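These notes concern the structure reproduced below.
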Amino acid sequence: QVQLVESGGGLVQPGGSLRLSCAASGIIFRLYTLGWYRQAPGKEREWVATLTTGSTTVYADSVKGRFTISRDNAKNTVYLQMNSLKPEDTAIYSCHAHHPSFRVDYWGQGTQVTVSS
């Protein structure tokens, strides 16, 4: 059974930082491209960042320079370090795992991030 479990969300003031974690089980983690998405109330899900098996990172323009995606294959965990947070970063953040050869996708359940003073 495949599971992706996010943690680390919460309430933070504008300008603050949070680190999200997503622990995976049931997959050969190192073979998957990993990503983070977010969905704000009343809006469609938005792609945030991707990290390939070859350690290439790509970011949405809205978070470039502020967010960093990383992975620890030994811990089967992907992280999203979020700095200089803005109120418009408020959303439910979900992690995503994609196997590039088999085209299989898995999603976590999401963790709430609220940026407010």
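Chain identifiers are assigned as A, B, and so on, following the order in which chains appear in the structure tokens; residues are numbered from 1 within each chain, and ligands are numbered from 1 in order of appearance.
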>> At a cut-off of 12 Å, using only C-alpha atoms, what residues contact range 13-19 of chain A? Leave out same-chain residues fewer than 3 positions from it and give the result as a PyMOL selection string.
In response: chain A and resi 6-10+22+66-70+78-90+93+111-117
>> I need the residues in chain A that are strand (DSSP E or B) according to DSSP; give them as an MDAnalysis selection string.
In response: chainID A and resid 3:7 10:12 18:25 33:39 46:51 57:59 67:72 77:82 91:99 104:107 111:115
>> Calculated over only C-alpha atoms, which of the candidates A:Gly54, A:Ser94, A:Gln3, A:Asn76 has the smallest distance to Gly26 in chain A?
In response: A:Gln3
>> Counting only C-alpha atoms, which residue out of A:Lys64, A:His96, A:Lys75, A:Arg103 sits closest to Tyr37 in chain A?
In response: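 For Tyr37 in chain A, the nearest of the candidates is A:His96.
One finds CA of Asp72 in chain A at 25.1 Å from CA of Val12 in chain A.
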> Neighbours of Ile27 in chain A within 9 Å (only C-alpha atoms; same-chain residues fewer than 2 positions away dropped), as number ranges by chain?
Replying inline: A: 1-3, 24-25, 29-32, 76
>> Considering only helix (DSSP H, G or I) as DSSP defines it on the backbone, what residues of chain A qualify? List them as a PyMOL selection string.
In response: chain A and resi 29-31+87-89
Take the residues that were just selected and, keeping all heavy atoms, output them as an mmCIF file, in the first residue's frame.
```
data_model
loop_
_atom_site.group_PDB
_atom_site.id
_atom_site.type_symbol
_atom_site.label_atom_id
_atom_site.label_comp_id
_atom_site.auth_asym_id
_atom_site.auth_seq_id
_atom_site.Cartn_x
_atom_site.Cartn_y
_atom_site.Cartn_z
ATOM 1 N N PHE A 29 11.332 4.868 -3.559
ATOM 2 C CA PHE A 29 11.282 6.321 -3.527
ATOM 3 C C PHE A 29 12.255 6.958 -4.512
ATOM 4 O O PHE A 29 11.914 7.920 -5.195
ATOM 5 C CB PHE A 29 11.588 6.773 -2.091
ATOM 6 C CG PHE A 29 11.452 8.235 -1.840
ATOM 7 C CD1 PHE A 29 10.194 8.815 -1.705
ATOM 8 C CD2 PHE A 29 12.577 9.045 -1.715
ATOM 9 C CE1 PHE A 29 10.060 10.166 -1.461
ATOM 10 C CE2 PHE A 29 12.454 10.392 -1.456
ATOM 11 C CZ PHE A 29 11.189 10.953 -1.330
ATOM 12 N N ARG A 30 13.451 6.425 -4.609
ATOM 13 C CA ARG A 30 14.502 7.063 -5.408
ATOM 14 C C ARG A 30 14.183 7.056 -6.899
ATOM 15 O O ARG A 30 14.827 7.770 -7.666
ATOM 16 C CB ARG A 30 15.837 6.368 -5.156
ATOM 17 C CG ARG A 30 15.842 4.887 -5.530
ATOM 18 C CD ARG A 30 17.177 4.233 -5.223
ATOM 19 N NE ARG A 30 17.126 2.795 -5.407
ATOM 20 C CZ ARG A 30 17.222 2.193 -6.573
ATOM 21 N NH1 ARG A 30 17.382 2.910 -7.657
ATOM 22 N NH2 ARG A 30 17.171 0.868 -6.642
ATOM 23 N N LEU A 31 13.195 6.267 -7.317
ATOM 24 C CA LEU A 31 12.845 6.166 -8.734
ATOM 25 C C LEU A 31 11.772 7.177 -9.158
ATOM 26 O O LEU A 31 11.411 7.233 -10.330
ATOM 27 C CB LEU A 31 12.356 4.755 -9.058
ATOM 28 C CG LEU A 31 13.367 3.627 -8.824
ATOM 29 C CD1 LEU A 31 12.738 2.287 -9.220
ATOM 30 C CD2 LEU A 31 14.655 3.863 -9.596
ATOM 31 N N PRO A 87 0.870 36.181 2.540
ATOM 32 C CA PRO A 87 -0.517 35.730 2.719
ATOM 33 C C PRO A 87 -1.030 34.937 1.509
ATOM 34 O O PRO A 87 -1.822 33.995 1.692
ATOM 35 C CB PRO A 87 -1.281 37.039 2.898
ATOM 36 C CG PRO A 87 -0.281 37.963 3.499
ATOM 37 C CD PRO A 87 1.031 37.606 2.866
ATOM 38 N N GLU A 88 -0.578 35.270 0.331
ATOM 39 C CA GLU A 88 -1.046 34.550 -0.860
ATOM 40 C C GLU A 88 -0.470 33.140 -0.979
ATOM 41 O O GLU A 88 -0.860 32.387 -1.873
ATOM 42 C CB GLU A 88 -0.735 35.348 -2.139
ATOM 43 C CG GLU A 88 0.703 35.790 -2.276
ATOM 44 C CD GLU A 88 0.907 37.231 -1.808
ATOM 45 O OE1 GLU A 88 0.341 37.612 -0.747
ATOM 46 O OE2 GLU A 88 1.657 37.963 -2.484
ATOM 47 N N ASP A 89 0.427 32.777 -0.082
ATOM 48 C CA ASP A 89 0.918 31.396 -0.024
ATOM 49 C C ASP A 89 -0.024 30.491 0.782
ATOM 50 O O ASP A 89 0.190 29.280 0.829
ATOM 51 C CB ASP A 89 2.316 31.345 0.603
ATOM 52 C CG ASP A 89 3.372 32.032 -0.239
ATOM 53 O OD1 ASP A 89 3.353 31.862 -1.467
ATOM 54 O OD2 ASP A 89 4.211 32.742 0.348
#
```
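Shortest atom-to-atom contact with Ala91 in chain A among A:Ala40, A:Ile28, A:Leu11, A:Val5: A:Ala40, counting only C-alpha atoms.
Between CA of Asn73 in chain A and CA of Asp61 in chain A the separation is 26.5 Å.
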>> Using Å and a single decimal, report how far CA of Leu20 in chain A sits from CA of Ser62 in chain A.
In response: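 Computed distance, CA of Ser62 in chain A to CA of Leu20 in chain A, equals 17.5 Å.
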